[in-house]
2 protein chains.
Amino acid sequence: MGKEINYPNQSKKIFAITTPTMPKRNYQKANLGANFENQINDSCAYYLQKGIASIYKKPTPIQIVKVDYPSRNKARIVEAYYKTPSTTDYNGIYQGYYIDFEAKCCHSTSFSFGHIYEHQIYHLDTVERMGGIAFLIIEFPLKQEVYILPSALLKEKYLLSLQGGRKSISYEEFKNVGYLVKKGFQPPIDFLQVVDMFIEKRNNKK
Amino acid sequence: MGKEINYPNQSKKIFAITTPTMPKRNYQKANLGANFENQINDSCAYYLQKGIASIYKKPTPIQIVKVDYPSRNKARIVEAYYKTPSTTDYNGIYQGYYIDFEAKCCHSTSFSFGHIYEHQIYHLDTVERMGGIAFLIIEFPLKQEVYILPSALLKEKYLLSLQGGRKSISYEEFKNVGYLVKKGFQPPIDFLQVVDMFIEKRNNKK
């Protein structure tokens with residue numbers, strides 16, 4: 001989701017801020033997937049509270065350039081820039097497995113590879129090769145559906161795109177080869193149900 | 001750039017900055033363990049490059065309050081504050097295990113519990129209960145030694161401190177019940193050697 005922040009072709013004034021605890025960035029993201037992110041965060045909080053899993057969103061990486069100290073106990077950052085994330089949005093532990101995923105909100109019916117970094121695709125692949133469970137979770141608000149695409153399929157499609165194939169993954173492809181995630185009240189997005197299927201598959205292979 | 005900053009409780013003149021890519025904060029941290037952090041980061045980079053493990057430092061969490069758009073393609077954060085981290089410094093995957101640890105540099109011969117958040121101690125404990133490998137890694141520059149303390153021992157000592165026990169863990173205790181980490185050239189801090197011992201212990205219990 002990190003990539004959806006710096007919109008060069010948009011108005012500079014996005015939203016007004018009301019309080020210092022509610023940063024502009026969240027407002028800007030409100031139309032662009034913050035709701036989805038909040039739902040995943042709420043799901044993670046639910047899993048943690050129930051002792052099911054410990055999965056967290058990583059902080060957005062910031063390059064800090066200048067810090068002021070207006071009062072004696074509070075550092076104020078006065079110049080900083082968004083950095084490219086090294087890895088993915090979320091990671092943690094579930095059923096003893098290392099879990100790692102990137103979350104995206106797709107406002108069309110096709111997910112362009114321009115919305116994910118190549119090194120993130122490779123990171124997910126590395127995790128999977130090391131025995132973790134890695135995937136892309138994607139929301140299609142137009143369809144009101146959420147899908148999980150295992151990292152192996154994501155990588156496969158990405159490599160095809162590099163060889164002249166399509167530069168995007170269509171909603172139909174997610175529907176055909178991805179896994180629909182059940183939405184509900186608690187947790188709002190029960191992505192661990194799909195992870196359970198992945199774990200079952202692995203155990204069957206053993 | 002190059003302006004003096006008022007650091008609370010410190011000399012006003014700290015260091016001059018040379019380039020915008022080297023934030024002042026890192027200079028400030030230079031005395032406080034940045035070298036240790038860099039050595040761990042280098043070790044993680046080495047492990048990753050060799051395909052041994054994928055472990056990353058989490059970005060410092062920042063609360064962003066105000067963002068400007070001075071040019072069309074670069075968002076500049078002009079007001080932000082450091083936030084309390086939800087979890088710990090590092091996490092990732094090794095040998096299929098979820099790895100999670102907090103890194104500290106201790107400039108005396110006693111590590112005070114004031115230097116770690118209670119919720120971080122509980123986070124490490126949660127990870128361990130869920131089947132991950134969680135610990136505190138600590139450098140004693142005065143002794144030129146690095147120790148790993150498993151989260152179970154950290155929690156035990158912390159709980160004792162709440163019941164009127166010592167509010168710190170001495171260097172001797174780390175020496176007695178912790179695990180000395182071998183230092184070298186590549187990786188500079190070979191903490192996975194200690195993790196190997198933890199994994200072996202677990203396998204022997206099975």
# chains A, B, ... in the order shown; residues from 1 in each chain; ligands from 1
call {"tool": "residues_around", "arguments": {"residues": "Arg129 of chain A", "least_positions_apart": "2", "cutoff": "12 Å", "atoms": "only C-alpha atoms", "output": "VMD selection string"}}
result
(chain A and resid 98 122 to 127 131 to 134 151 to 152) or (chain B and resid 51 to 54 93 to 96)
call {"tool": "calpha_fit_and_write", "arguments": {"fixed": "chain A", "moving": "chain B", "output": "JSON list (two decimals) with C-alpha atoms, in the first residue's frame"}}
result
[["chain", "number", "residue", "atom", "x", "y", "z"],
["B", 1, "MET", "CA", -2.62, 21.90, 10.08],
["B", 2, "GLY", "CA", -5.45, 22.18, 7.68],
["B", 3, "LYS", "CA", -3.29, 23.63, 4.94],
["B", 4, "GLU", "CA", -3.79, 22.43, 1.44],
["B", 5, "ILE", "CA", -1.17, 20.14, 0.04],
["B", 6, "ASN", "CA", -0.17, 19.72, -3.55],
["B", 7, "TYR", "CA", -0.52, 16.11, -4.44],
["B", 8, "PRO", "CA", 1.15, 15.17, -7.69],
["B", 9, "ASN", "CA", -1.35, 14.26, -10.38],
["B", 10, "GLN", "CA", -4.25, 14.83, -8.05],
["B", 11, "SER", "CA", -6.57, 17.59, -7.11],
["B", 12, "LYS", "CA", -4.91, 20.07, -4.81],
["B", 13, "LYS", "CA", -7.67, 19.95, -2.30],
["B", 14, "ILE", "CA", -7.66, 16.51, -0.80],
["B", 15, "PHE", "CA", -8.85, 16.49, 2.75],
["B", 16, "ALA", "CA", -8.51, 18.72, 5.72],
["B", 17, "ILE", "CA", -6.73, 17.23, 8.68],
["B", 18, "THR", "CA", -8.34, 17.48, 12.03],
["B", 19, "THR", "CA", -5.73, 16.27, 14.46],
["B", 20, "PRO", "CA", -1.97, 15.77, 14.36],
["B", 21, "THR", "CA", -2.46, 12.10, 15.17],
["B", 22, "MET", "CA", -4.20, 11.51, 11.88],
["B", 23, "PRO", "CA", -1.59, 12.03, 9.21],
["B", 24, "LYS", "CA", -2.55, 13.41, 5.84],
["B", 25, "ARG", "CA", -1.00, 10.44, 4.13],
["B", 26, "ASN", "CA", -3.65, 8.15, 5.56],
["B", 27, "TYR", "CA", -6.33, 10.33, 4.10],
["B", 28, "GLN", "CA", -4.62, 10.21, 0.77],
["B", 29, "LYS", "CA", -4.47, 6.43, 1.09],
["B", 30, "ALA", "CA", -8.13, 6.29, 2.04],
["B", 31, "ASN", "CA", -9.03, 6.10, -1.61],
["B", 32, "LEU", "CA", -6.27, 3.67, -2.34],
["B", 33, "GLY", "CA", -6.76, 0.81, 0.00],
["B", 34, "ALA", "CA", -6.45, 2.11, 3.56],
["B", 35, "ASN", "CA", -9.77, 0.53, 4.36],
["B", 36, "PHE", "CA", -8.46, -2.84, 3.20],
["B", 37, "GLU", "CA", -5.30, -2.32, 5.24],
["B", 38, "ASN", "CA", -7.36, -1.44, 8.30],
["B", 39, "GLN", "CA", -9.43, -4.56, 7.86],
["B", 40, "ILE", "CA", -6.31, -6.70, 7.72],
["B", 41, "ASN", "CA", -4.90, -4.90, 10.76],
["B", 42, "ASP", "CA", -8.15, -5.51, 12.63],
["B", 43, "SER", "CA", -8.01, -9.15, 11.65],
["B", 44, "CYS", "CA", -4.43, -9.40, 12.94],
["B", 45, "ALA", "CA", -5.48, -7.72, 16.19],
["B", 46, "TYR", "CA", -8.32, -10.21, 16.51],
["B", 47, "TYR", "CA", -6.04, -13.19, 15.88],
["B", 48, "LEU", "CA", -3.55, -11.87, 18.43],
["B", 49, "GLN", "CA", -6.20, -11.23, 21.05],
["B", 50, "LYS", "CA", -7.51, -14.76, 20.65],
["B", 51, "GLY", "CA", -3.99, -16.19, 20.86],
["B", 52, "ILE", "CA", -4.33, -17.56, 17.33],
["B", 53, "ALA", "CA", -1.48, -15.77, 15.58],
["B", 54, "SER", "CA", 0.98, -12.91, 16.02],
["B", 55, "ILE", "CA", 1.09, -11.03, 12.72],
["B", 56, "TYR", "CA", 1.95, -7.35, 12.38],
["B", 57, "LYS", "CA", 2.21, -4.78, 9.65],
["B", 58, "LYS", "CA", 5.74, -3.52, 9.35],
["B", 59, "PRO", "CA", 6.21, 0.23, 9.75],
["B", 60, "THR", "CA", 6.64, 2.26, 6.58],
["B", 61, "PRO", "CA", 10.36, 2.74, 6.07],
["B", 62, "ILE", "CA", 11.40, 6.38, 6.33],
["B", 63, "GLN", "CA", 14.74, 7.95, 5.55],
["B", 64, "ILE", "CA", 15.30, 10.54, 8.23],
["B", 65, "VAL", "CA", 17.44, 13.48, 7.25],
["B", 66, "LYS", "CA", 16.95, 16.12, 9.91],
["B", 67, "VAL", "CA", 15.69, 16.06, 13.46],
["B", 68, "ASP", "CA", 14.97, 19.03, 15.70],
["B", 69, "TYR", "CA", 14.57, 19.06, 19.43],
["B", 70, "PRO", "CA", 12.00, 21.80, 20.06],
["B", 71, "SER", "CA", 11.40, 20.63, 23.60],
["B", 72, "ARG", "CA", 13.68, 18.69, 25.88],
["B", 73, "ASN", "CA", 11.84, 15.42, 25.57],
["B", 74, "LYS", "CA", 10.48, 15.22, 22.06],
["B", 75, "ALA", "CA", 12.47, 14.77, 18.91],
["B", 76, "ARG", "CA", 10.75, 16.29, 15.89],
["B", 77, "ILE", "CA", 11.66, 14.98, 12.47],
["B", 78, "VAL", "CA", 11.62, 17.95, 10.08],
["B", 79, "GLU", "CA", 13.01, 16.36, 6.95],
["B", 80, "ALA", "CA", 12.46, 12.80, 5.87],
["B", 81, "TYR", "CA", 11.52, 10.78, 2.81],
["B", 82, "TYR", "CA", 9.68, 7.58, 2.08],
["B", 83, "LYS", "CA", 12.01, 4.71, 1.35],
["B", 84, "THR", "CA", 11.45, 1.61, -0.74],
["B", 85, "PRO", "CA", 10.46, -1.24, 1.59],
["B", 86, "SER", "CA", 13.03, -4.06, 1.80],
["B", 87, "THR", "CA", 10.42, -6.73, 2.16],
["B", 88, "THR", "CA", 6.64, -6.95, 2.40],
["B", 89, "ASP", "CA", 3.79, -5.44, 4.40],
["B", 90, "TYR", "CA", 3.06, -8.14, 6.95],
["B", 91, "ASN", "CA", 4.80, -10.97, 8.71],
["B", 92, "GLY", "CA", 4.45, -13.05, 11.83],
["B", 93, "ILE", "CA", 3.74, -16.51, 13.18],
["B", 94, "TYR", "CA", 0.76, -18.87, 12.94],
["B", 95, "GLN", "CA", 0.62, -22.54, 13.90],
["B", 96, "GLY", "CA", 4.39, -22.46, 14.24],
["B", 97, "TYR", "CA", 4.74, -21.30, 10.63],
["B", 98, "TYR", "CA", 6.42, -18.11, 9.55],
["B", 99, "ILE", "CA", 3.82, -16.10, 7.62],
["B", 100, "ASP", "CA", 4.72, -13.34, 5.16],
["B", 101, "PHE", "CA", 2.51, -11.46, 2.75],
["B", 102, "GLU", "CA", 2.02, -8.34, 0.71],
["B", 103, "ALA", "CA", -1.41, -6.69, 0.70],
["B", 104, "LYS", "CA", -2.74, -4.84, -2.32],
["B", 105, "CYS", "CA", -5.94, -3.11, -3.26],
["B", 106, "CYS", "CA", -6.74, -3.29, -6.97],
["B", 107, "HIS", "CA", -9.20, -0.68, -8.25],
["B", 108, "SER", "CA", -9.44, -2.13, -11.73],
["B", 109, "THR", "CA", -10.01, -5.72, -12.83],
["B", 110, "SER", "CA", -6.35, -6.37, -13.51],
["B", 111, "PHE", "CA", -3.36, -6.21, -11.17],
["B", 112, "SER", "CA", -0.32, -4.77, -12.90],
["B", 113, "PHE", "CA", 3.17, -5.96, -11.90],
["B", 114, "GLY", "CA", 4.00, -2.28, -11.76],
["B", 115, "HIS", "CA", 2.28, -2.25, -8.38],
["B", 116, "ILE", "CA", 4.64, -4.66, -6.70],
["B", 117, "TYR", "CA", 8.43, -4.55, -6.50],
["B", 118, "GLU", "CA", 10.39, -7.35, -8.08],
["B", 119, "HIS", "CA", 12.42, -7.78, -4.88],
["B", 120, "GLN", "CA", 9.15, -8.28, -2.96],
["B", 121, "ILE", "CA", 8.19, -11.14, -5.29],
["B", 122, "TYR", "CA", 11.61, -12.68, -4.72],
["B", 123, "HIS", "CA", 11.36, -12.11, -0.98],
["B", 124, "LEU", "CA", 8.07, -14.03, -0.88],
["B", 125, "ASP", "CA", 9.67, -16.79, -2.92],
["B", 126, "THR", "CA", 12.66, -16.95, -0.53],
["B", 127, "VAL", "CA", 10.33, -17.24, 2.45],
["B", 128, "GLU", "CA", 8.45, -20.08, 0.79],
["B", 129, "ARG", "CA", 11.64, -21.93, -0.09],
["B", 130, "MET", "CA", 12.75, -21.61, 3.54],
["B", 131, "GLY", "CA", 9.59, -23.28, 4.77],
["B", 132, "GLY", "CA", 7.41, -20.25, 5.45],
["B", 133, "ILE", "CA", 4.00, -19.46, 4.01],
["B", 134, "ALA", "CA", 4.09, -16.50, 1.63],
["B", 135, "PHE", "CA", 1.44, -14.94, -0.53],
["B", 136, "LEU", "CA", -0.17, -11.89, -2.06],
["B", 137, "ILE", "CA", -3.53, -10.86, -0.64],
["B", 138, "ILE", "CA", -5.52, -8.62, -2.94],
["B", 139, "GLU", "CA", -8.79, -6.79, -2.71],
["B", 140, "PHE", "CA", -10.98, -6.01, -5.72],
["B", 141, "PRO", "CA", -13.34, -3.32, -4.40],
["B", 142, "LEU", "CA", -15.29, -3.37, -7.68],
["B", 143, "LYS", "CA", -16.08, -7.03, -7.05],
["B", 144, "GLN", "CA", -16.12, -6.73, -3.27],
["B", 145, "GLU", "CA", -13.87, -9.76, -3.13],
["B", 146, "VAL", "CA", -10.50, -10.59, -1.61],
["B", 147, "TYR", "CA", -8.17, -13.25, -3.00],
["B", 148, "ILE", "CA", -4.97, -14.88, -1.88],
["B", 149, "LEU", "CA", -2.42, -15.86, -4.50],
["B", 150, "PRO", "CA", 0.35, -18.19, -3.23],
["B", 151, "SER", "CA", 3.84, -16.83, -3.87],
["B", 152, "ALA", "CA", 4.68, -19.72, -6.22],
["B", 153, "LEU", "CA", 1.91, -18.66, -8.60],
["B", 154, "LEU", "CA", 2.80, -15.00, -8.26],
["B", 155, "LYS", "CA", 6.40, -15.75, -9.15],
["B", 156, "GLU", "CA", 5.36, -18.01, -12.05],
["B", 157, "LYS", "CA", 3.19, -15.29, -13.58],
["B", 158, "TYR", "CA", 5.83, -12.66, -13.00],
["B", 159, "LEU", "CA", 8.52, -14.73, -14.72],
["B", 160, "LEU", "CA", 6.17, -15.23, -17.68],
["B", 161, "SER", "CA", 5.68, -11.47, -17.88],
["B", 162, "LEU", "CA", 9.45, -11.04, -18.13],
["B", 163, "GLN", "CA", 9.48, -13.45, -21.04],
["B", 164, "GLY", "CA", 7.01, -11.39, -23.02],
["B", 165, "GLY", "CA", 3.84, -12.52, -21.29],
["B", 166, "ARG", "CA", 1.14, -10.31, -19.82],
["B", 167, "LYS", "CA", 2.37, -7.57, -17.49],
["B", 168, "SER", "CA", -0.58, -8.04, -15.19],
["B", 169, "ILE", "CA", -2.79, -10.65, -13.54],
["B", 170, "SER", "CA", -6.47, -10.39, -14.32],
["B", 171, "TYR", "CA", -9.30, -10.68, -11.82],
["B", 172, "GLU", "CA", -10.36, -13.88, -13.64],
["B", 173, "GLU", "CA", -6.96, -15.42, -13.01],
["B", 174, "PHE", "CA", -7.20, -14.63, -9.29],
["B", 175, "LYS", "CA", -10.66, -16.17, -9.37],
["B", 176, "ASN", "CA", -9.41, -19.27, -11.17],
["B", 177, "VAL", "CA", -6.14, -20.03, -9.41],
["B", 178, "GLY", "CA", -6.30, -17.89, -6.27],
["B", 179, "TYR", "CA", -8.22, -18.51, -3.08],
["B", 180, "LEU", "CA", -11.26, -16.46, -2.17],
["B", 181, "VAL", "CA", -11.01, -15.07, 1.36],
["B", 182, "LYS", "CA", -14.12, -15.10, 3.50],
["B", 183, "LYS", "CA", -15.12, -11.68, 4.77],
["B", 184, "GLY", "CA", -17.01, -11.20, 7.95],
["B", 185, "PHE", "CA", -17.38, -9.21, 11.10],
["B", 186, "GLN", "CA", -14.70, -10.66, 13.33],
["B", 187, "PRO", "CA", -12.17, -11.04, 11.82],
["B", 188, "PRO", "CA", -13.13, -8.76, 8.91],
["B", 189, "ILE", "CA", -10.84, -10.69, 6.53],
["B", 190, "ASP", "CA", -10.29, -14.24, 7.70],
["B", 191, "PHE", "CA", -7.13, -14.91, 5.69],
["B", 192, "LEU", "CA", -5.95, -17.61, 8.10],
["B", 193, "GLN", "CA", -8.74, -19.87, 6.82],
["B", 194, "VAL", "CA", -6.86, -19.96, 3.52],
["B", 195, "VAL", "CA", -3.54, -20.42, 5.30],
["B", 196, "ASP", "CA", -5.10, -23.44, 7.04],
["B", 197, "MET", "CA", -5.67, -24.96, 3.60],
["B", 198, "PHE", "CA", -2.02, -24.37, 2.69],
["B", 199, "ILE", "CA", -0.90, -26.03, 5.93],
["B", 200, "GLU", "CA", -3.21, -28.99, 5.34],
["B", 201, "LYS", "CA", -1.81, -29.44, 1.83],
["B", 202, "ARG", "CA", 1.71, -29.50, 3.22],
["B", 203, "ASN", "CA", 0.81, -32.02, 5.89],
["B", 204, "ASN", "CA", -0.78, -34.26, 3.26],
["B", 205, "LYS", "CA", 2.43, -34.17, 1.25],
["B", 206, "LYS", "CA", 4.49, -35.39, 4.21]]
call {"tool": "select_by_dssp", "arguments": {"residues": "chain B", "states": "strand (DSSP E or B)", "output": "count of residues only"}}
result
62
call {"tool": "select_by_dssp", "arguments": {"residues": "chain B", "states": "helix (DSSP H, G or I)", "output": "PyMOL selection string"}}
result
chain B and resi 24-30+34-49+113-115+118-129+151-162+171-177+191-205
call {"tool": "decode", "arguments": {"residues": "segment 52-82 of chain A", "atoms": "C-alpha atoms", "output": "PDB file, in the first residue's frame"}}
result
ATOM      1  CA  ILE A  52      -4.158 -17.329  17.359  1.00  0.00           C
ATOM      2  CA  ALA A  53      -1.365 -15.444  15.609  1.00  0.00           C
ATOM      3  CA  SER A  54       1.024 -12.541  16.069  1.00  0.00           C
ATOM      4  CA  ILE A  55       1.061 -10.598  12.809  1.00  0.00           C
ATOM      5  CA  TYR A  56       1.847  -6.894  12.518  1.00  0.00           C
ATOM      6  CA  LYS A  57       2.004  -4.278   9.831  1.00  0.00           C
ATOM      7  CA  LYS A  58       5.508  -2.917   9.504  1.00  0.00           C
ATOM      8  CA  PRO A  59       5.913   0.829   9.960  1.00  0.00           C
ATOM      9  CA  THR A  60       6.250   2.892   6.796  1.00  0.00           C
ATOM     10  CA  PRO A  61       9.963   3.499   6.256  1.00  0.00           C
ATOM     11  CA  ILE A  62      10.877   7.159   6.551  1.00  0.00           C
ATOM     12  CA  GLN A  63      14.149   8.855   5.738  1.00  0.00           C
ATOM     13  CA  ILE A  64      14.643  11.429   8.466  1.00  0.00           C
ATOM     14  CA  VAL A  65      16.679  14.482   7.481  1.00  0.00           C
ATOM     15  CA  LYS A  66      16.084  17.054  10.188  1.00  0.00           C
ATOM     16  CA  VAL A  67      14.864  16.907  13.755  1.00  0.00           C
ATOM     17  CA  ASP A  68      14.060  19.821  16.053  1.00  0.00           C
ATOM     18  CA  TYR A  69      13.651  19.773  19.810  1.00  0.00           C
ATOM     19  CA  PRO A  70      11.016  22.415  20.561  1.00  0.00           C
ATOM     20  CA  SER A  71      10.591  21.100  24.074  1.00  0.00           C
ATOM     21  CA  ARG A  72      13.019  19.170  26.184  1.00  0.00           C
ATOM     22  CA  ASN A  73      11.337  15.840  25.873  1.00  0.00           C
ATOM     23  CA  LYS A  74       9.816  15.716  22.428  1.00  0.00           C
ATOM     24  CA  ALA A  75      11.751  15.392  19.214  1.00  0.00           C
ATOM     25  CA  ARG A  76       9.951  16.915  16.247  1.00  0.00           C
ATOM     26  CA  ILE A  77      10.887  15.697  12.800  1.00  0.00           C
ATOM     27  CA  VAL A  78      10.709  18.675  10.451  1.00  0.00           C
ATOM     28  CA  GLU A  79      12.120  17.177   7.285  1.00  0.00           C
ATOM     29  CA  ALA A  80      11.672  13.615   6.168  1.00  0.00           C
ATOM     30  CA  TYR A  81      10.762  11.611   3.082  1.00  0.00           C
ATOM     31  CA  TYR A  82       9.045   8.349   2.324  1.00  0.00           C
TER      32      TYR A  82
END
